Structure formats: structure tokens, C-alpha cells
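Participant: I have a structure here, written as C-alpha cells, and I will follow up with some questions on it.
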Amino acid sequence: MTPALLHPFASPAKAAGDYLSLVRGEGSRVFDASGKSYIDGLANLWLCQVGHGRREIIDAVAAQMSELECYNTFNPYTNPAADAAAESVRARSPHPDGRVFFGLGGSDAVDTALKLARLTMQRRGDTARQVIIRREGGYHGTNMGGTSAQGIALNREGWGDLVPHFVEVPRDDIEAMARAFSDHGERIAAVITEPVQGAGGVWPPPDGYLPALRRLCDLHGSLLIFDEVICGFGRTGEWFGAQRFGVVPDMMTFAKGVTSGYQPLSGVIVSRVLCAEMEDPDFILRTGYTYSGHPASCAAAVANIDLIDGEGLLESATEIGAQLETGLKALVDDGTIESCRGIGAVWAAELGYDTMAVWNGLLDRGVIVRSMGTALGICPPLVISADEVGTILDAISDSVASAAKPD
């Protein structure tokens, strides 16, 4: 019998009994219905910074729901949790005098940022500026705007006509980006990019790439949007990838790590310059979501950010990354894997062939990572122990050795 639940990024023909049912989480581990333990080497889906089962967040959410479970933040309403979460986020961003717009998922945030970029140009009188430049391999969610902004071609296929005015450039080719500006400069509203491409394969930018991209946007009067859904909230060793690479975008999207997944929440951090252009008493920002500023989600964000701060998890990301880098390079040196790449606590082990057999072997060994074509994505909670990181590395070595390498 097919399951009642239609699973995302899965075959709808898959039988209910073929799914792995996870029932509990604690620290860096999750447990299935039989009690088997798995090291969560993907932090749920690039997001559980503080680990599973944290009572601090659970209690904060419960306390908020006992007072006000939910109310919209459309004019004229607000709530203390939303106000506090917005302040907590912006205070740690490169825009401490900017403003925060809330949604629920990263896809919401991306669509909102794209709308705000085009809105900015329309309000400036640059009505021809509607083009958005995307990078090959970029992942920007699955709403219509984010699907159109996808640099992963398979995710754009099969949906019919998408949103117009998107132009793609090769992932790391700044000269190709410059040519795109030369060809379309007067029509470009914005460039959208992840500081480190995540779902597209974990690709850190080449040295100097992001500063050069900032200069191109400034030269041509376009906006720069950083999609920080994966990079944000400590993953790179700084609060945001923007700070890790020393580049300040005009807008930043976030989600995932803002609550470590305890409640759905996302948002866009908007620079003071762009906010000032909207702060006209006669202007109404006609976009938003029923759950924008959801009190329980925002309470989770405040508690989660306090944990990241209080437990020094930015520093932990750097330490975890150093251990992963050393271990993965050892696997390269002994011929187990082809190469590795990453930054902070997000890495990829490149095998050079389809990883599914190795991924299945890892799951059998109680280790969860992400199969991404020819690479394995590794993105553990920032509370993972050194021994658990070692177990992930050993499991990769054993699973590669036991899997039949394709001809």
C-alpha cells in the first residue's frame, strides 16, 4: 500500500515500508523505530546546529505557546517573540541597522528577496531591471521563484514555464559573470548566490570571487543577494557566510539553522539603505505570509541563538571543520576518495562516481550523510564530539572499501 504522505524529493511509487522511520533524537544522534542509533552527519538537512532534544528550546516554545500560540504580524499587529527574534538575528548580521522580514521556510525567504529586489528597482524607476543572475549549481528552494533561480537543472525541469528574466552563469567563472553584466547590465536587478553552495555539492567560492561579485554589482547598480539558508548561524565558523568572506550583500536570506529545525522559520535581512527606500509613510509592503513572525517559531529562534552564543558553537564549527579536513585529506592520500572540499563544518567527500552504494553502506553502519551525485555531503551538528566525527570518517572508509566501485 502506498503511504498517505507524499514525500518530497522521493519517488511517489515508493512503498510505505521502504522508508526509515525516525522516532527520537538526542545530541548528534537520531534513533529509528527499532532503537537503532544513527550519527546525524547531516544535521537533519544542513540545519540542526545545537543538536537534538535540547530542552532549552523545547521549553521556550512550550512557554510561548502557553501564552500566545500564534497571531499574524500583518498591520497593526506584532508580538514580543517576533520583535525579539528580529533583533537577535540582525544584531549578529552585517546589517545591525537593517530589518528582518520573516517567513517559514528558505523557499519563502528566497521568493521574498527576489520580489524585494525587483520592487526596489521598480520604485527607483529602473523598470527594465528585472533580470536575476544565478550561478550554476546554486540551490534556492522550490517555490516558483526559487525554482526559477535554481542552478541545478534537474530541479527546473518538468514544471512548464517558470518565472522569466533569469540568466545563468558558470559556478566560479567571474569573467563569465562580467560578460553577463556587459550583456545585460542595464536590466540586472540582482545576483543571487550562496556564499558556499550547499545542496549543489558543497562548493566554497574561489579566493576573491565574492568580493569581485560585490564590485560588479556596485559598478552596474545591481543588488547582491546572499542565500545564507545553509551558511547562516555558525555553519562556516561565523554567524553568516558574509562575515566569513568579508563581503556585505544588500539582502541575506536565512532559515534552517536559525531555530536548528525545532520550529519552521526563515527570513530576509534587508540593508539599511534598502529599508530607507521603503520607509515612506505612503508606501505599503504588499507581501507576507500568514505565519510571518509566528510567536512559537520566533521563541525557538531566540533560544537557539542563545545556545549557539553561550556554548561557543562558532568556534566549534571551526574545530569540527579542521578535524573533517584532516580526516578527509587522509582518505584522499590513501586513495579511498578522489578529493574533498569544504569550509567550517560543511564538507564534501568526492568519490568521482555515483555515491548511492556507499551511502547505503553508511546508513547500514549507522551514519547519515547526504548523497549528492558523485559526492557525499557532511554537515554535522555543531555539538558533535570528536569521537563521533571519527566514526563518520571511519564509516566512509569502510563503506567505500565494501562497495563495488563502478567500472
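By order of appearance in the C-alpha cells: chains A, B, ..., then residues from 1 within every chain, and ligands from 1 in the order shown.
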Give the alpha helix (DSSP H) residues of region 141-206 of chain A, as assigned by DSSP on the backbone, as a PDB file with C-alpha atoms, in the first residue's frame.
Facilitator:
```
ATOM      1  CA  MET A 144       8.270  29.157  -8.272  1.00  0.00           C
ATOM      2  CA  GLY A 145      10.755  31.970  -7.743  1.00  0.00           C
ATOM      3  CA  GLY A 146      13.350  29.716  -6.160  1.00  0.00           C
ATOM      4  CA  THR A 147      12.831  27.042  -8.804  1.00  0.00           C
ATOM      5  CA  SER A 148      13.447  29.691 -11.469  1.00  0.00           C
ATOM      6  CA  ALA A 153      18.968  21.980 -13.928  1.00  0.00           C
ATOM      7  CA  LEU A 154      17.079  18.825 -12.877  1.00  0.00           C
ATOM      8  CA  ASN A 155      15.111  20.828 -10.314  1.00  0.00           C
ATOM      9  CA  ARG A 156      13.880  23.232 -13.014  1.00  0.00           C
ATOM     10  CA  ILE A 174      33.989  35.659 -12.619  1.00  0.00           C
ATOM     11  CA  GLU A 175      34.825  36.524 -16.222  1.00  0.00           C
ATOM     12  CA  ALA A 176      31.567  34.917 -17.334  1.00  0.00           C
ATOM     13  CA  MET A 177      29.791  36.934 -14.663  1.00  0.00           C
ATOM     14  CA  ALA A 178      31.415  40.102 -16.001  1.00  0.00           C
ATOM     15  CA  ARG A 179      30.258  39.207 -19.530  1.00  0.00           C
ATOM     16  CA  ALA A 180      26.708  38.724 -18.230  1.00  0.00           C
ATOM     17  CA  PHE A 181      26.855  42.236 -16.789  1.00  0.00           C
ATOM     18  CA  SER A 182      28.261  43.515 -20.067  1.00  0.00           C
ATOM     19  CA  ASP A 183      25.390  41.901 -21.974  1.00  0.00           C
ATOM     20  CA  HIS A 184      22.552  42.629 -19.529  1.00  0.00           C
TER      21      HIS A 184
END
```
Participant: List the neighbours of Glu315 (chain A) out to 9 Å using only C-alpha atoms; skip same-chain residues closer than 2 positions along the sequence, and give me the result as a PyMOL selection string.
Facilitator: chain A and resi 234+237-238+312-313+317-320
Participant: Any idea what's packed within 12 Å of Met372 (chain A), counting only C-alpha atoms, ignoring anything in its chain fewer than 5 positions away? Could you give it as a list in words?
Facilitator: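 Once the nearby chain positions are removed, what remains is Gly137, Ile152, Gly198, Ala199, Gly200, Gly201, Val202, Trp203, Trp347, Ala348, Ala349, Glu350, Leu351, Gly352, Tyr353, Asp354, Thr355, Met356, Val358, Trp359, Gly377 and Ile378 of chain A.
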Participant: If you take only C-alpha atoms and a cut-off of 10 Å, which residues of region 55-141 of chain A touch region 244-264 of chain A, and what are their nearest atom pairs and distances in Å to one decimal, in chain and number order, as JSON lines?
Facilitator:
```
{"residue": "A:Ile57", "atom": "CA", "partner": "A:Tyr262", "partner_atom": "CA", "distance": 7.3}
{"residue": "A:Ile58", "atom": "CA", "partner": "A:Tyr262", "partner_atom": "CA", "distance": 7.6}
{"residue": "A:Val61", "atom": "CA", "partner": "A:Gln263", "partner_atom": "CA", "distance": 8.4}
{"residue": "A:Ala85", "atom": "CA", "partner": "A:Val258", "partner_atom": "CA", "distance": 9.5}
{"residue": "A:Val89", "atom": "CA", "partner": "A:Val258", "partner_atom": "CA", "distance": 8.2}
{"residue": "A:Ser93", "atom": "CA", "partner": "A:Met252", "partner_atom": "CA", "distance": 9.1}
{"residue": "A:Pro94", "atom": "CA", "partner": "A:Val248", "partner_atom": "CA", "distance": 6.4}
{"residue": "A:His95", "atom": "CA", "partner": "A:Val248", "partner_atom": "CA", "distance": 8.2}
{"residue": "A:Gly98", "atom": "CA", "partner": "A:Met251", "partner_atom": "CA", "distance": 9.4}
{"residue": "A:Arg99", "atom": "CA", "partner": "A:Met251", "partner_atom": "CA", "distance": 9.9}
{"residue": "A:Val100", "atom": "CA", "partner": "A:Met252", "partner_atom": "CA", "distance": 9.5}
{"residue": "A:Phe101", "atom": "CA", "partner": "A:Thr253", "partner_atom": "CA", "distance": 9.4}
{"residue": "A:Phe102", "atom": "CA", "partner": "A:Phe254", "partner_atom": "CA", "distance": 9.3}
{"residue": "A:Gly103", "atom": "CA", "partner": "A:Pro264", "partner_atom": "CA", "distance": 8.6}
{"residue": "A:Leu104", "atom": "CA", "partner": "A:Pro264", "partner_atom": "CA", "distance": 5.2}
{"residue": "A:Gly105", "atom": "CA", "partner": "A:Ala255", "partner_atom": "CA", "distance": 6.0}
{"residue": "A:Gly106", "atom": "CA", "partner": "A:Ala255", "partner_atom": "CA", "distance": 5.2}
{"residue": "A:Ser107", "atom": "CA", "partner": "A:Ala255", "partner_atom": "CA", "distance": 8.9}
{"residue": "A:Asp108", "atom": "CA", "partner": "A:Thr253", "partner_atom": "CA", "distance": 9.2}
{"residue": "A:Ala109", "atom": "CA", "partner": "A:Thr253", "partner_atom": "CA", "distance": 5.6}
{"residue": "A:Val110", "atom": "CA", "partner": "A:Thr253", "partner_atom": "CA", "distance": 6.3}
{"residue": "A:Asp111", "atom": "CA", "partner": "A:Thr253", "partner_atom": "CA", "distance": 9.6}
{"residue": "A:Thr112", "atom": "CA", "partner": "A:Thr253", "partner_atom": "CA", "distance": 8.8}
{"residue": "A:Ala113", "atom": "CA", "partner": "A:Met251", "partner_atom": "CA", "distance": 7.0}
{"residue": "A:Leu114", "atom": "CA", "partner": "A:Met251", "partner_atom": "CA", "distance": 9.7}
{"residue": "A:Leu116", "atom": "CA", "partner": "A:Met251", "partner_atom": "CA", "distance": 9.0}
{"residue": "A:Ala117", "atom": "CA", "partner": "A:Met251", "partner_atom": "CA", "distance": 8.6}
{"residue": "A:His140", "atom": "CA", "partner": "A:Thr253", "partner_atom": "CA", "distance": 9.7}
```
Participant: Would you compute the distance between CA of Val169 (chain A) and CA of Leu216 (chain A)? Give it in Å to one decimal.
Facilitator: 13.9 Å
Participant: Which of region 47-249 of chain A end up as strand (DSSP E or B) when DSSP is run on this backbone - answer as an MDAnalysis selection string?
Facilitator: chainID A and resid 52 99:103 131:135 166:169 188:193 197 203 223:227
Participant: Just the residues within 10 Å of Leu285 (chain A), please, counting only C-alpha atoms, with nothing from its chain fewer than 6 positions along; format it as a VMD selection string.
Facilitator: chain A and resid 116 119 278 to 279
Participant: Please produce an output containing C-alpha atoms for each residue in the selection, written as a PDB file, in the first residue's frame.
Facilitator:
```
ATOM      1  CA  LEU A 116      12.172  42.888  -2.930  1.00  0.00           C
ATOM      2  CA  LEU A 119      10.437  46.070  -6.107  1.00  0.00           C
ATOM      3  CA  MET A 278      10.699  51.658   1.661  1.00  0.00           C
ATOM      4  CA  GLU A 279      10.120  53.735   4.799  1.00  0.00           C
TER       5      GLU A 279
END
```
Participant: Counting only C-alpha atoms, which residue out of A:Ala43, A:Cys231, A:Ala357, A:Ala16 sits closest to Cys379 (chain A)?
Facilitator: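 Checking each of A:Ala43, A:Cys231, A:Ala357, A:Ala16 against Cys379 (chain A), counting only C-alpha atoms, the winner is A:Ala43.
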Participant: Pick out the closest residue to Ala404 (chain A) from this set: A:Gly366, A:Pro381, A:Gly361, A:Gly327. Count only C-alpha atoms.
Facilitator: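 Using only C-alpha atoms, the shortest distance to Ala404 (chain A) belongs to A:Gly361.
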Participant: What is the distance, in Å and to one decimal place, between CA of Pro80 (chain A) and CA of Val270 (chain A)?
Facilitator: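 Value for the CA of Pro80 (chain A)-CA of Val270 (chain A) distance: 20.3 Å.
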Participant: Looking at only C-alpha atoms, which of A:Asp126, A:Glu67, A:Asp280, A:Asp309 is the one that sits closest to Ala189 (chain A)?
Facilitator: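 Checking each of A:Asp126, A:Glu67, A:Asp280, A:Asp309 against Ala189 (chain A), counting only C-alpha atoms, the winner is A:Asp126.
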Participant: So how far away is CA of Leu265 (chain A) from CA of Ala375 (chain A), in Å?
Facilitator: 28.6 Å
Participant: Looking at only C-alpha atoms, which of A:His165, A:Arg90, A:His52, A:Arg171 is the one that sits closest to Ile132 (chain A)?
Facilitator: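 Once distances to Ile132 (chain A) are computed over only C-alpha atoms, the minimum belongs to A:His165.
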Participant: Which residues are close to Met121 (chain A), i.e. within 10 Å by only C-alpha atoms, leaving aside same-chain residues fewer than 4 positions away? Reply as a PyMOL selection string.
Facilitator: chain A and resi 116-117+125-130+187-190+221-223
